[in-house]
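Structure file data28.pdb; described as PDB, C-alpha atoms.
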```
MODEL        1
ATOM      1  CA  MET A 928       0.000   0.000   0.000
ATOM      2  CA  GLU A 929       2.842   2.363   0.830
ATOM      3  CA  VAL A 930       4.503   1.599  -2.504
ATOM      4  CA  TYR A 931       1.319   2.555  -4.344
ATOM      5  CA  LYS A 932       1.095   5.848  -2.460
ATOM      6  CA  GLU A 933       4.698   6.632  -3.315
ATOM      7  CA  ARG A 934       4.027   6.058  -7.003
ATOM      8  CA  VAL A 935       1.003   8.334  -6.956
ATOM      9  CA  SER A 936       2.974  11.027  -5.168
ATOM     10  CA  THR A 937       5.814  10.840  -7.692
ATOM     11  CA  SER A 938       3.369  10.984 -10.586
ATOM     12  CA  ALA A 939       1.583  13.986  -9.093
ATOM     13  CA  LYS A 940       4.879  15.832  -8.628
ATOM     14  CA  GLY A 941       5.831  15.079 -12.220
ATOM     15  CA  ASP A 942       2.483  16.379 -13.451
ATOM     16  CA  ALA A 943       2.935  19.589 -11.453
ATOM     17  CA  THR A 944       6.449  20.097 -12.814
ATOM     18  CA  ALA A 945       5.244  19.553 -16.376
ATOM     19  CA  LYS A 946       2.411  22.020 -15.791
ATOM     20  CA  TYR A 947       4.790  24.718 -14.542
ATOM     21  CA  LEU A 948       7.191  24.139 -17.442
ATOM     22  CA  LEU A 949       4.328  24.577 -19.902
ATOM     23  CA  GLN A 950       3.264  27.781 -18.134
ATOM     24  CA  TYR A 951       6.864  28.998 -18.342
ATOM     25  CA  ILE A 952       6.983  28.388 -22.098
ATOM     26  CA  LEU A 953       3.644  30.119 -22.642
ATOM     27  CA  SER A 954       4.705  33.101 -20.519
ATOM     28  CA  ALA A 955       7.730  33.454 -22.835
ATOM     29  CA  ARG A 956       5.366  33.827 -25.834
ATOM     30  CA  GLY A 957       5.606  30.166 -26.704
ATOM     31  CA  ILE A 958       9.338  29.854 -27.358
ATOM     32  CA  CYS A 959      12.181  29.078 -24.918
ATOM     33  CA  HIS A 960      15.844  28.259 -25.242
ATOM     34  CA  GLU A 961      16.810  24.836 -23.900
ATOM     35  CA  ASN A 962      19.037  26.271 -21.171
ATOM     36  CA  SER A 963      16.256  28.527 -19.883
ATOM     37  CA  LEU A 964      14.069  25.471 -19.398
ATOM     38  CA  ILE A 965      16.879  23.540 -17.717
ATOM     39  CA  LEU A 966      17.267  26.379 -15.207
ATOM     40  CA  ALA A 967      13.508  26.478 -14.664
ATOM     41  CA  LEU A 968      13.493  22.723 -14.050
ATOM     42  CA  MET A 969      16.359  23.056 -11.554
ATOM     43  CA  ARG A 970      14.405  25.733  -9.688
ATOM     44  CA  LEU A 971      11.281  23.561  -9.582
ATOM     45  CA  GLU A 972      13.256  20.578  -8.292
ATOM     46  CA  THR A 973      14.831  22.791  -5.623
ATOM     47  CA  ASP A 974      11.440  24.092  -4.489
ATOM     48  CA  ALA A 975      10.203  20.501  -4.274
ATOM     49  CA  SER A 976      13.316  19.512  -2.246
ATOM     50  CA  THR A 977      14.207  16.927  -4.892
ATOM     51  CA  PHE A 978      17.237  18.658  -6.416
ATOM     52  CA  ASP A 979      20.147  16.248  -6.964
ATOM     53  CA  ALA A 980      23.482  18.086  -7.053
ATOM     54  CA  GLN A 981      25.198  14.972  -8.404
ATOM     55  CA  TRP A 982      23.282  14.986 -11.669
ATOM     56  CA  SER A 983      25.209  15.633 -14.865
ATOM     57  CA  ILE A 984      23.882  18.218 -17.292
ATOM     58  CA  GLN A 985      22.896  15.368 -19.635
ATOM     59  CA  GLN A 986      20.651  13.944 -16.930
ATOM     60  CA  TRP A 987      18.943  17.332 -16.642
ATOM     61  CA  ILE A 988      18.455  17.441 -20.416
ATOM     62  CA  ASP A 989      16.995  13.927 -20.376
ATOM     63  CA  LYS A 990      14.666  14.869 -17.511
ATOM     64  CA  LEU A 991      13.530  17.973 -19.386
ATOM     65  CA  ASN A 992      12.819  15.930 -22.511
ATOM     66  CA  ASP A 993      10.789  13.455 -20.445
ATOM     67  CA  HIS A 994       8.616  16.304 -19.166
ATOM     68  CA  ILE A 995       8.199  17.790 -22.660
ATOM     69  CA  ASN A 996       7.163  14.397 -24.027
ATOM     70  CA  ALA A 997       4.599  14.048 -21.226
ATOM     71  CA  ILE A 998       3.260  17.537 -21.958
ATOM     72  CA  ASN A 999       2.917  16.684 -25.648
ATOM     73  CA  VAL A1000       0.793  13.611 -24.907
ATOM     74  CA  ARG A1001      -1.851  15.939 -23.473
ATOM     75  CA  LEU A1002      -1.346  18.835 -25.883
ATOM     76  CA  ASN A1003      -1.850  16.598 -28.904
ATOM     77  CA  LEU A1004      -5.431  16.014 -27.806
ATOM     78  CA  LEU A1005      -5.966  19.787 -28.006
ATOM     79  CA  GLY A1006      -4.267  20.225 -31.374
ATOM     80  CA  TYR A1007      -1.007  21.687 -30.051
ATOM     81  CA  LYS A1008       2.551  20.491 -29.532
ATOM     82  CA  ILE A1009       5.919  21.631 -28.226
ATOM     83  CA  VAL A1010       8.501  21.038 -30.953
ATOM     84  CA  ARG A1011      12.266  21.159 -30.736
ATOM     85  CA  ILE A1012      13.985  23.297 -33.353
ATOM     86  CA  ASN A1013      17.650  24.197 -33.819
ATOM     87  CA  HIS A1014      18.591  27.758 -34.744
ATOM     88  CA  GLY A1015      20.362  27.930 -38.101
ATOM     89  CA  ILE A1016      23.196  30.188 -36.908
ATOM     90  CA  GLY A1017      24.621  27.370 -34.786
ATOM     91  CA  ARG A1018      25.404  26.464 -31.188
ATOM     92  CA  ASN A1019      28.360  28.783 -30.769
ATOM     93  CA  ALA A1020      26.579  31.928 -31.967
ATOM     94  CA  VAL A1021      23.399  31.233 -29.972
ATOM     95  CA  THR A1022      25.424  30.460 -26.841
ATOM     96  CA  MET A1023      27.416  33.691 -27.126
ATOM     97  CA  LYS A1024      24.207  35.656 -27.593
ATOM     98  CA  ASN A1025      22.613  34.004 -24.557
ATOM     99  CA  ARG A1026      25.644  34.658 -22.379
ATOM    100  CA  LYS A1027      25.644  38.273 -23.454
ATOM    101  CA  ASN A1028      21.936  38.663 -22.724
ATOM    102  CA  PHE A1029      21.647  36.743 -19.465
ATOM    103  CA  GLY A1030      24.929  35.009 -18.702
ATOM    104  CA  LEU A1031      25.054  36.199 -15.100
ATOM    105  CA  PHE A1032      21.489  35.040 -14.610
ATOM    106  CA  GLU A1033      22.424  31.545 -15.829
ATOM    107  CA  ASN A1034      25.327  31.182 -13.425
ATOM    108  CA  ASN A1035      23.528  32.644 -10.421
ATOM    109  CA  ALA A1036      20.352  30.654 -11.009
ATOM    110  CA  ALA A1037      22.265  27.413 -11.335
ATOM    111  CA  ALA A1038      24.182  28.160  -8.146
ATOM    112  CA  ARG A1039      20.996  29.063  -6.239
ATOM    113  CA  ALA A1040      19.450  25.816  -7.398
ATOM    114  CA  HIS A1041      21.670  23.954  -4.975
ATOM    115  CA  GLY A1042      21.783  26.300  -2.049
ATOM    116  CA  GLY A1043      24.432  28.726  -3.218
ATOM    117  CA  SER A1044      27.274  26.214  -3.075
ATOM    118  CA  ALA A1045      28.256  24.577  -6.323
ATOM    119  CA  PRO A1046      30.717  21.765  -5.672
ATOM    120  CA  ASP A1047      29.627  19.930  -8.814
ATOM    121  CA  SER A1048      30.652  22.069 -11.781
ATOM    122  CA  GLN A1049      28.666  19.854 -14.151
ATOM    123  CA  VAL A1050      25.459  21.438 -12.918
ATOM    124  CA  THR A1051      26.507  25.082 -13.134
ATOM    125  CA  VAL A1052      28.010  24.877 -16.616
ATOM    126  CA  LEU A1053      25.135  24.824 -19.064
ATOM    127  CA  PRO A1054      25.764  23.251 -22.477
ATOM    128  CA  GLU A1055      26.371  25.089 -25.717
ATOM    129  CA  SER A1056      23.017  24.767 -27.408
ATOM    130  CA  ASN A1057      21.064  26.227 -30.308
ATOM    131  CA  ARG A1058      17.940  24.244 -29.442
ATOM    132  CA  PHE A1059      14.649  25.978 -28.754
ATOM    133  CA  PHE A1060      11.313  24.592 -27.621
ATOM    134  CA  VAL A1061       8.349  26.086 -29.488
ATOM    135  CA  TYR A1062       4.633  25.814 -28.738
ATOM    136  CA  VAL A1063       2.916  25.266 -32.091
ATOM    137  CA  ASN A1064      -0.564  24.830 -33.507
ATOM    138  CA  LEU A1065      -1.108  21.507 -35.291
ATOM    139  CA  ALA A1066      -3.940  22.867 -37.463
ATOM    140  CA  SER A1067      -3.856  21.471 -40.986
ATOM    141  CA  THR A1068      -3.500  24.749 -42.908
ATOM    142  CA  GLU A1069      -1.439  27.890 -42.545
ATOM    143  CA  GLU A1070      -4.649  29.940 -42.661
ATOM    144  CA  THR A1071      -6.021  28.137 -39.606
ATOM    145  CA  LYS A1072      -2.773  28.576 -37.691
ATOM    146  CA  LEU A1073      -2.590  32.282 -38.425
ATOM    147  CA  ALA A1074      -6.295  32.887 -37.766
ATOM    148  CA  THR A1075      -5.855  32.214 -34.040
ATOM    149  CA  ARG A1076      -3.793  35.416 -33.684
ATOM    150  CA  PHE A1077      -4.417  37.682 -36.683
ATOM    151  CA  ASN A1078      -7.322  39.127 -38.668
ATOM    152  CA  GLN A1079      -7.740  38.497 -42.396
ATOM    153  CA  ASN A1080      -5.855  41.587 -43.609
ATOM    154  CA  GLU A1081      -2.996  40.800 -41.236
ATOM    155  CA  ILE A1082      -2.890  37.215 -42.498
ATOM    156  CA  GLU A1083      -2.677  38.460 -46.075
ATOM    157  CA  PHE A1084       0.160  40.794 -45.097
ATOM    158  CA  ILE A1085       2.080  37.984 -43.378
ATOM    159  CA  LYS A1086       1.762  35.738 -46.433
ATOM    160  CA  TRP A1087       2.790  38.615 -48.710
ATOM    161  CA  ALA A1088       5.779  39.490 -46.489
ATOM    162  CA  ILE A1089       6.905  35.862 -46.431
ATOM    163  CA  GLU A1090       6.789  35.852 -50.226
ATOM    164  CA  GLN A1091       9.028  38.949 -50.286
ATOM    165  CA  PHE A1092      11.522  37.187 -47.998
ATOM    166  CA  MET A1093      11.559  34.079 -50.187
ATOM    167  CA  VAL A1094      11.959  35.982 -53.455
ATOM    168  CA  ASN A1095      14.774  38.086 -52.011
ATOM    169  CA  GLY A1096      16.579  34.964 -50.800
ATOM    170  CA  GLU A1097      17.029  33.756 -54.370
ATOM    171  CA  THR A1098      19.063  36.833 -55.348
ATOM    172  CA  ILE A1099      22.824  36.311 -55.142
ATOM    173  CA  ILE A1100      24.664  39.438 -54.001
ATOM    174  CA  LYS A1101      28.214  39.719 -55.335
ATOM    175  CA  GLY A1102      30.819  41.515 -53.270
ATOM    176  CA  PRO A1103      32.148  41.353 -49.688
ATOM    177  CA  ALA A1104      29.546  40.174 -47.187
ATOM    178  CA  LEU A1105      28.665  42.151 -44.088
ATOM    179  CA  GLU A1106      31.583  41.539 -41.699
ATOM    180  CA  THR A1107      29.410  42.146 -38.641
ATOM    181  CA  SER A1108      27.054  39.295 -39.588
ATOM    182  CA  VAL A1109      27.180  36.454 -37.067
ATOM    183  CA  VAL A1110      26.782  33.957 -39.926
ATOM    184  CA  VAL A1111      29.795  35.389 -41.774
ATOM    185  CA  LYS A1112      31.888  35.275 -38.598
ATOM    186  CA  GLU A1113      30.911  31.680 -37.807
ATOM    187  CA  ILE A1114      31.475  30.396 -41.344
ATOM    188  CA  ASN A1115      34.868  32.110 -41.617
ATOM    189  CA  CYS A1116      35.944  30.482 -38.338
ATOM    190  CA  ILE A1117      34.743  27.089 -39.575
ATOM    191  CA  LEU A1118      36.639  27.453 -42.863
ATOM    192  CA  MET A1119      39.804  28.531 -41.063
ATOM    193  CA  ALA A1120      39.591  25.554 -38.681
ATOM    194  CA  ALA A1121      38.933  23.123 -41.538
ATOM    195  CA  THR A1122      41.903  24.316 -43.611
ATOM    196  CA  GLY A1123      44.312  25.642 -40.998
ATOM    197  CA  ASN A1124      44.679  28.725 -43.189
ATOM    198  CA  SER A1125      44.012  32.015 -41.400
ATOM    199  CA  ASN A1126      44.549  33.927 -44.663
ATOM    200  CA  LEU A1127      41.895  32.065 -46.622
ATOM    201  CA  PRO A1128      40.112  34.452 -49.034
ATOM    202  CA  LYS A1129      36.612  35.361 -47.905
ATOM    203  CA  TRP A1130      33.684  34.382 -50.075
ATOM    204  CA  VAL A1131      32.388  37.146 -52.317
ATOM    205  CA  LYS A1132      28.799  35.952 -52.673
ATOM    206  CA  SER A1133      25.896  36.110 -50.257
ATOM    207  CA  CYS A1134      22.124  36.051 -50.155
ATOM    208  CA  THR A1135      19.576  36.921 -47.508
ATOM    209  CA  PHE A1136      16.002  35.975 -46.715
ATOM    210  CA  THR A1137      15.461  39.404 -45.164
ATOM    211  CA  VAL A1138      13.765  42.545 -46.486
ATOM    212  CA  GLY A1139      13.995  46.191 -45.439
ATOM    213  CA  SER A1140      11.108  47.485 -43.355
ATOM    214  CA  THR A1141      10.493  50.247 -45.923
ATOM    215  CA  ASP A1142       9.830  47.616 -48.595
ATOM    216  CA  LEU A1143       7.248  45.952 -46.366
ATOM    217  CA  LEU A1144       5.340  49.226 -46.061
ATOM    218  CA  GLN A1145       4.280  48.838 -49.705
ATOM    219  CA  PHE A1146       1.464  46.438 -48.795
ATOM    220  CA  GLN A1147      -1.751  48.094 -49.961
ATOM    221  CA  GLU A1148      -4.384  46.692 -47.589
ATOM    222  CA  LEU A1149      -2.901  48.169 -44.388
ATOM    223  CA  THR A1150      -1.686  51.643 -43.478
ATOM    224  CA  ALA A1151       1.970  52.287 -42.688
ATOM    225  CA  MET A1152       1.084  52.639 -38.995
ATOM    226  CA  GLU A1153      -0.846  49.359 -39.010
ATOM    227  CA  ILE A1154       2.072  47.601 -40.696
ATOM    228  CA  GLU A1155       4.582  48.966 -38.168
ATOM    229  CA  ASP A1156       2.356  47.861 -35.282
ATOM    230  CA  LEU A1157       1.926  44.423 -36.838
ATOM    231  CA  LEU A1158       5.675  44.044 -37.401
ATOM    232  CA  LEU A1159       6.282  44.851 -33.731
ATOM    233  CA  ARG A1160       3.780  42.170 -32.722
ATOM    234  CA  LEU A1161       5.308  39.645 -35.106
ATOM    235  CA  CYS A1162       8.772  40.284 -33.669
ATOM    236  CA  GLU A1163       7.470  39.978 -30.100
ATOM    237  CA  LEU A1164       5.837  36.663 -31.008
ATOM    238  CA  LYS A1165       9.111  35.451 -32.599
ATOM    239  CA  TRP A1166       7.464  35.079 -36.005
ATOM    240  CA  PHE A1167       9.716  37.725 -37.545
ATOM    241  CA  TYR A1168      13.015  39.183 -36.355
ATOM    242  CA  ARG A1169      14.626  42.551 -36.986
ATOM    243  CA  THR A1170      18.352  42.935 -37.704
ATOM    244  CA  ARG A1171      20.593  45.751 -36.492
ATOM    245  CA  GLU A1172      20.335  47.195 -39.980
ATOM    246  CA  GLY A1173      16.535  47.381 -39.720
ATOM    247  CA  LYS A1174      15.779  44.466 -42.019
ATOM    248  CA  LEU A1175      13.194  41.834 -41.155
ATOM    249  CA  GLY A1176      13.234  38.084 -41.631
ATOM    250  CA  ILE A1177      11.461  34.889 -40.591
ATOM    251  CA  ASP A1178      12.103  33.828 -37.000
ATOM    252  CA  LEU A1179      12.033  30.393 -35.382
ATOM    253  CA  ARG A1180       8.389  30.286 -34.399
ATOM    254  CA  CYS A1181       7.242  30.973 -37.942
ATOM    255  CA  ILE A1182       9.568  28.241 -39.222
ATOM    256  CA  ALA A1183       8.276  25.793 -36.608
ATOM    257  CA  GLU A1184       4.644  26.563 -37.453
ATOM    258  CA  LEU A1185       4.879  26.873 -41.245
ATOM    259  CA  GLU A1186       7.930  24.857 -42.354
ATOM    260  CA  GLU A1187       5.962  22.441 -44.534
ATOM    261  CA  TYR A1188       4.011  25.309 -46.108
ATOM    262  CA  LEU A1189       7.210  27.270 -46.807
ATOM    263  CA  THR A1190       9.143  24.407 -48.387
ATOM    264  CA  SER A1191       6.256  23.275 -50.598
ATOM    265  CA  THR A1192       4.932  26.701 -51.618
ATOM    266  CA  TYR A1193       8.305  28.227 -52.486
ATOM    267  CA  ASN A1194      10.121  25.054 -53.595
ATOM    268  CA  LEU A1195      12.902  25.620 -51.077
ATOM    269  CA  ASN A1196      15.773  23.192 -50.729
ATOM    270  CA  THR A1197      16.315  21.717 -47.269
ATOM    271  CA  CYS A1198      19.568  21.147 -45.403
ATOM    272  CA  GLN A1199      21.747  18.448 -46.951
ATOM    273  CA  ASN A1200      22.535  17.128 -43.469
ATOM    274  CA  CYS A1201      19.381  17.402 -41.315
ATOM    275  CA  HIS A1202      16.751  17.917 -44.061
ATOM    276  CA  LYS A1203      15.213  20.934 -42.315
ATOM    277  CA  LEU A1204      14.474  24.359 -43.784
ATOM    278  CA  VAL A1205      17.520  26.653 -44.026
ATOM    279  CA  LEU A1206      17.188  30.443 -43.966
ATOM    280  CA  GLN A1207      20.635  31.122 -42.447
ATOM    281  CA  GLY A1208      23.785  29.170 -43.203
ATOM    282  CA  VAL A1209      25.697  28.204 -46.363
ATOM    283  CA  ARG A1210      24.747  27.537 -49.964
ATOM    284  CA  CYS A1211      26.931  25.983 -52.656
ATOM    285  CA  GLY A1212      28.047  28.803 -54.936
ATOM    286  CA  HIS A1213      28.875  26.903 -58.114
ATOM    287  CA  GLU A1214      26.574  27.530 -61.076
ATOM    288  CA  SER A1215      26.450  23.847 -62.021
ATOM    289  CA  CYS A1216      24.871  23.054 -58.649
ATOM    290  CA  ARG A1217      21.914  25.245 -59.527
ATOM    291  CA  ASN A1218      21.696  24.376 -63.209
ATOM    292  CA  GLU A1219      21.803  20.589 -63.082
ATOM    293  CA  ASN A1220      18.468  19.210 -64.227
ATOM    294  CA  ASN A1221      16.523  16.818 -62.046
ATOM    295  CA  GLU A1222      14.282  13.972 -63.236
ATOM    296  CA  ASP A1223      11.407  16.381 -63.939
ATOM    297  CA  GLY A1224      13.544  18.458 -66.256
ATOM    298  CA  GLU A1225      13.489  21.469 -63.927
ATOM    299  CA  ASN A1226      16.481  23.341 -62.591
ATOM    300  CA  SER A1227      17.613  21.886 -59.285
ATOM    301  CA  LEU A1228      18.301  23.979 -56.214
ATOM    302  CA  PRO A1229      21.867  24.350 -54.913
ATOM    303  CA  GLN A1230      22.877  22.377 -51.841
ATOM    304  CA  ILE A1231      22.382  24.256 -48.597
ATOM    305  CA  TRP A1232      23.376  23.752 -44.948
ATOM    306  CA  HIS A1233      22.790  25.273 -41.527
ATOM    307  CA  VAL A1234      25.974  26.608 -39.899
ATOM    308  CA  ASP A1235      26.532  23.570 -37.645
ATOM    309  CA  CYS A1236      25.518  21.156 -40.400
ATOM    310  CA  PHE A1237      28.047  22.771 -42.740
ATOM    311  CA  LYS A1238      30.731  22.434 -40.063
ATOM    312  CA  HIS A1239      29.945  18.737 -39.706
ATOM    313  CA  TYR A1240      29.892  18.222 -43.472
ATOM    314  CA  ILE A1241      33.266  19.763 -44.346
ATOM    315  CA  THR A1242      34.908  18.335 -41.213
ATOM    316  CA  HIS A1243      33.656  14.751 -41.371
ATOM    317  CA  VAL A1244      32.201  14.148 -44.838
ATOM    318  CA  SER A1245      33.807  16.149 -47.648
ATOM    319  CA  LYS A1246      35.067  19.586 -48.559
ATOM    320  CA  ASN A1247      33.385  19.215 -51.941
ATOM    321  CA  CYS A1248      29.697  19.623 -52.697
ATOM    322  CA  ASP A1249      28.144  16.168 -53.011
ATOM    323  CA  ARG A1250      25.933  17.344 -55.891
ATOM    324  CA  CYS A1251      28.240  19.266 -58.226
ATOM    325  CA  GLY A1252      31.668  18.394 -56.794
ATOM    326  CA  SER A1253      32.860  22.002 -56.436
ATOM    327  CA  LEU A1254      35.227  22.929 -53.605
ATOM    328  CA  LEU A1255      33.105  24.486 -50.870
ATOM    329  CA  ILE A1256      36.116  26.053 -49.180
ATOM    330  CA  THR A1257      36.416  28.583 -51.985
ATOM    331  CA  ASP A1258      33.026  28.491 -53.701
ATOM    332  CA  GLY A1259      30.311  29.072 -51.135
ATOM    333  CA  VAL A1260      27.536  31.580 -50.537
ATOM    334  CA  TYR A1261      26.798  33.082 -47.130
ATOM    335  CA  VAL A1262      23.080  32.774 -46.367
ATOM    336  CA  LEU A1263      22.509  35.696 -44.011
TER
ENDMDL
END
```

As structure tokens:
Amino acid sequence: MEVYKERVSTSAKGDATAKYLLQYILSARGICHENSLILALMRLETDASTFDAQWSIQQWIDKLNDHINAINVRLNLLGYKIVRINHGIGRNAVTMKNRKNFGLFENNAAARAHGGSAPDSQVTVLPESNRFFVYVNLASTEETKLATRFNQNEIEFIKWAIEQFMVNGETIIKGPALETSVVVKEINCILMAATGNSNLPKWVKSCTFTVGSTDLLQFQELTAMEIEDLLLRLCELKWFYRTREGKLGIDLRCIAELEEYLTSTYNLNTCQNCHKLVLQGVRCGHESCRNENNEDGENSLPQIWHVDCFKHYITHVSKNCDRCGSLLITDGVYVL
């Protein structure tokens, strides 16, 4: 009888933890970085007096995934799900950004989670991660997904803006890429590490799935003020993001919600390594990669990779494009 009571108690505690984690994700507008959720889980375990200072960070990740899976069992019945999605700019860039934004918070929160003393450094050192957890609508069409948050004119604007992003991404820009771009910095470091050559010439081609905010004001069905207000909302909801230069692009939540719609509607190529949509990373720059004909007689799309996937490919697979055979070290395109 006592064993049964213990099982019920453990199950109830797990349900409560899962509930609080879901509330945490929703309070963050439906998208959270993996490390934020690990810290939240540590805090919950501390409050429940079940914190184990001997756990490795991998055990915390596994525990978090168990809770997310349990949450999804219930959310699926309601037509929602928490999906895991990796940011295209890579683990290193996301980790540096997180440390810059709330690095002190990470260290202090992890230390507080076990009473202010941190003898086990495994717990306090959070992993480099570009993984985010996103609360998404499982509705069958993009219209249904968008209709839960936006009116019809706003939906039409979002679809129109996405089309502008996609069209712009097909234009190859020749000339030096923006040196301040995190993608350019990461790719240059990867190329230098792969070749051992610190004087390797930089690529002179780039493309971007972003559009200037002024261009987006051309939509006819909304006023300039309405568009600006909508863009602010979209950025807050992590559907769009705004660069330092004032350009806008598609953010993680939009990708998580509409990936299938985007790839099918705009005939986008997916990552050669992970087969997910790529809007930031690397594209093969050789003309033959684009111009080879596929079985349908149409022009094929050039191979494309996320930053981390590209690093894996040229480090462990090949430095040549597996489609056209060109040397990626010298003939690549930054996807910004």

Within 12 Å of A:Arg1160, counting only C-alpha atoms, which residues show up once you throw out same-chain ones fewer than 5 positions away? Write them as a list in words, please.
->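 Once the nearby chain positions are removed, what remains is Arg956, Arg1076, Phe1077, Glu1081, Ile1085, Glu1153, Ile1154, Glu1155, Lys1165, Trp1166, Phe1167, Tyr1168 and Arg1169 of chain A.
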
Could you work out how far atom CA of A:Ser963 lies from atom CA of A:Asn1200, giving the answer in Å with one decimal?
->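 These two atoms are separated by 26.9 Å.
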
Using only the atoms of stretch 1022-1028 of chain A listed in the file, plus 4 Å on each side, state the axis-aligned box centre and edge lengths in Å rounded to one decimal, as lines of an AutoDock Vina configuration file.
```
center_x = 24.7
center_y = 34.6
center_z = -25.0
size_x = 13.5
size_y = 16.2
size_z = 13.2
```

Just so the selection is clear, what residues does the PyMOL selection byres ((chain A and resi 1164) around 12) cover here, as a list in words?
->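 For this structure, the PyMOL selection byres ((chain A and resi 1164) around 12) resolves to Leu953, Ser954, Ala955, Arg956, Gly957, Ile958, Cys959, Val1061, Tyr1062, Val1063, Arg1076, Phe1077, Leu1157, Leu1158, Leu1159, Arg1160, Leu1161, Cys1162, Glu1163, Lys1165, Trp1166, Phe1167, Tyr1168, Ile1177, Asp1178, Leu1179, Arg1180 and Cys1181 of chain A.
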
The PyMOL selection byres ((chain A and resi 1111-1117) around 10) applied to the shown file, residues as a PyMOL selection string | chain A and resi 1016-1017+1019-1020+1104-1110+1118-1123+1125+1127-1130+1133+1208-1209+1234-1235+1237-1239+1241-1242+1256+1259-1263

Mind dumping the selected residues with C-alpha atoms as a tab-separated table (two decimals), in the frame of the given file?
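Produced file result.tsv, reproduced below:
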```tsv
chain	number	residue	atom	x	y	z
A	1016	ILE	CA	23.20	30.19	-36.91
A	1017	GLY	CA	24.62	27.37	-34.79
A	1019	ASN	CA	28.36	28.78	-30.77
A	1020	ALA	CA	26.58	31.93	-31.97
A	1104	ALA	CA	29.55	40.17	-47.19
A	1105	LEU	CA	28.66	42.15	-44.09
A	1106	GLU	CA	31.58	41.54	-41.70
A	1107	THR	CA	29.41	42.15	-38.64
A	1108	SER	CA	27.05	39.30	-39.59
A	1109	VAL	CA	27.18	36.45	-37.07
A	1110	VAL	CA	26.78	33.96	-39.93
A	1118	LEU	CA	36.64	27.45	-42.86
A	1119	MET	CA	39.80	28.53	-41.06
A	1120	ALA	CA	39.59	25.55	-38.68
A	1121	ALA	CA	38.93	23.12	-41.54
A	1122	THR	CA	41.90	24.32	-43.61
A	1123	GLY	CA	44.31	25.64	-41.00
A	1125	SER	CA	44.01	32.02	-41.40
A	1127	LEU	CA	41.90	32.06	-46.62
A	1128	PRO	CA	40.11	34.45	-49.03
A	1129	LYS	CA	36.61	35.36	-47.90
A	1130	TRP	CA	33.68	34.38	-50.08
A	1133	SER	CA	25.90	36.11	-50.26
A	1208	GLY	CA	23.78	29.17	-43.20
A	1209	VAL	CA	25.70	28.20	-46.36
A	1234	VAL	CA	25.97	26.61	-39.90
A	1235	ASP	CA	26.53	23.57	-37.65
A	1237	PHE	CA	28.05	22.77	-42.74
A	1238	LYS	CA	30.73	22.43	-40.06
A	1239	HIS	CA	29.94	18.74	-39.71
A	1241	ILE	CA	33.27	19.76	-44.35
A	1242	THR	CA	34.91	18.34	-41.21
A	1256	ILE	CA	36.12	26.05	-49.18
A	1259	GLY	CA	30.31	29.07	-51.14
A	1260	VAL	CA	27.54	31.58	-50.54
A	1261	TYR	CA	26.80	33.08	-47.13
A	1262	VAL	CA	23.08	32.77	-46.37
A	1263	LEU	CA	22.51	35.70	-44.01
```

Kindly extract all protein, DNA and RNA residues lying within 10 Å of the coordinates (5.8, 40.7, -47.2) given in the file, considering all atoms listed in the file, and supply them as a ChimeraX atom specification.
-> /A:1083-1094,1137-1138,1140,1142-1146,1175-1176

Take the residues from that selection and put them in a file with C-alpha atoms, as a PDB file, keeping the file's coordinate frame.
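Generated file (selection_29.pdb):
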```pdb
ATOM      1  CA  GLU A1083      -2.677  38.460 -46.075  1.00  0.00           C
ATOM      2  CA  PHE A1084       0.160  40.794 -45.097  1.00  0.00           C
ATOM      3  CA  ILE A1085       2.080  37.984 -43.378  1.00  0.00           C
ATOM      4  CA  LYS A1086       1.762  35.738 -46.433  1.00  0.00           C
ATOM      5  CA  TRP A1087       2.790  38.615 -48.710  1.00  0.00           C
ATOM      6  CA  ALA A1088       5.779  39.490 -46.489  1.00  0.00           C
ATOM      7  CA  ILE A1089       6.905  35.862 -46.431  1.00  0.00           C
ATOM      8  CA  GLU A1090       6.789  35.852 -50.226  1.00  0.00           C
ATOM      9  CA  GLN A1091       9.028  38.949 -50.286  1.00  0.00           C
ATOM     10  CA  PHE A1092      11.522  37.187 -47.998  1.00  0.00           C
ATOM     11  CA  MET A1093      11.559  34.079 -50.187  1.00  0.00           C
ATOM     12  CA  VAL A1094      11.959  35.982 -53.455  1.00  0.00           C
ATOM     13  CA  THR A1137      15.461  39.404 -45.164  1.00  0.00           C
ATOM     14  CA  VAL A1138      13.765  42.545 -46.486  1.00  0.00           C
ATOM     15  CA  SER A1140      11.108  47.485 -43.355  1.00  0.00           C
ATOM     16  CA  ASP A1142       9.830  47.616 -48.595  1.00  0.00           C
ATOM     17  CA  LEU A1143       7.248  45.952 -46.366  1.00  0.00           C
ATOM     18  CA  LEU A1144       5.340  49.226 -46.061  1.00  0.00           C
ATOM     19  CA  GLN A1145       4.280  48.838 -49.705  1.00  0.00           C
ATOM     20  CA  PHE A1146       1.464  46.438 -48.795  1.00  0.00           C
ATOM     21  CA  LEU A1175      13.194  41.834 -41.155  1.00  0.00           C
ATOM     22  CA  GLY A1176      13.234  38.084 -41.631  1.00  0.00           C
TER      23      GLY A1176
END
```

Please work out which residues fall within 12 Å of (13.1, 15.6, -17.3), coordinates as given in the file, with only C-alpha atoms counting, and return them as a ChimeraX atom specification.
-> /A:940-942,944-945,948,961,964-969,971-972,982,984-998
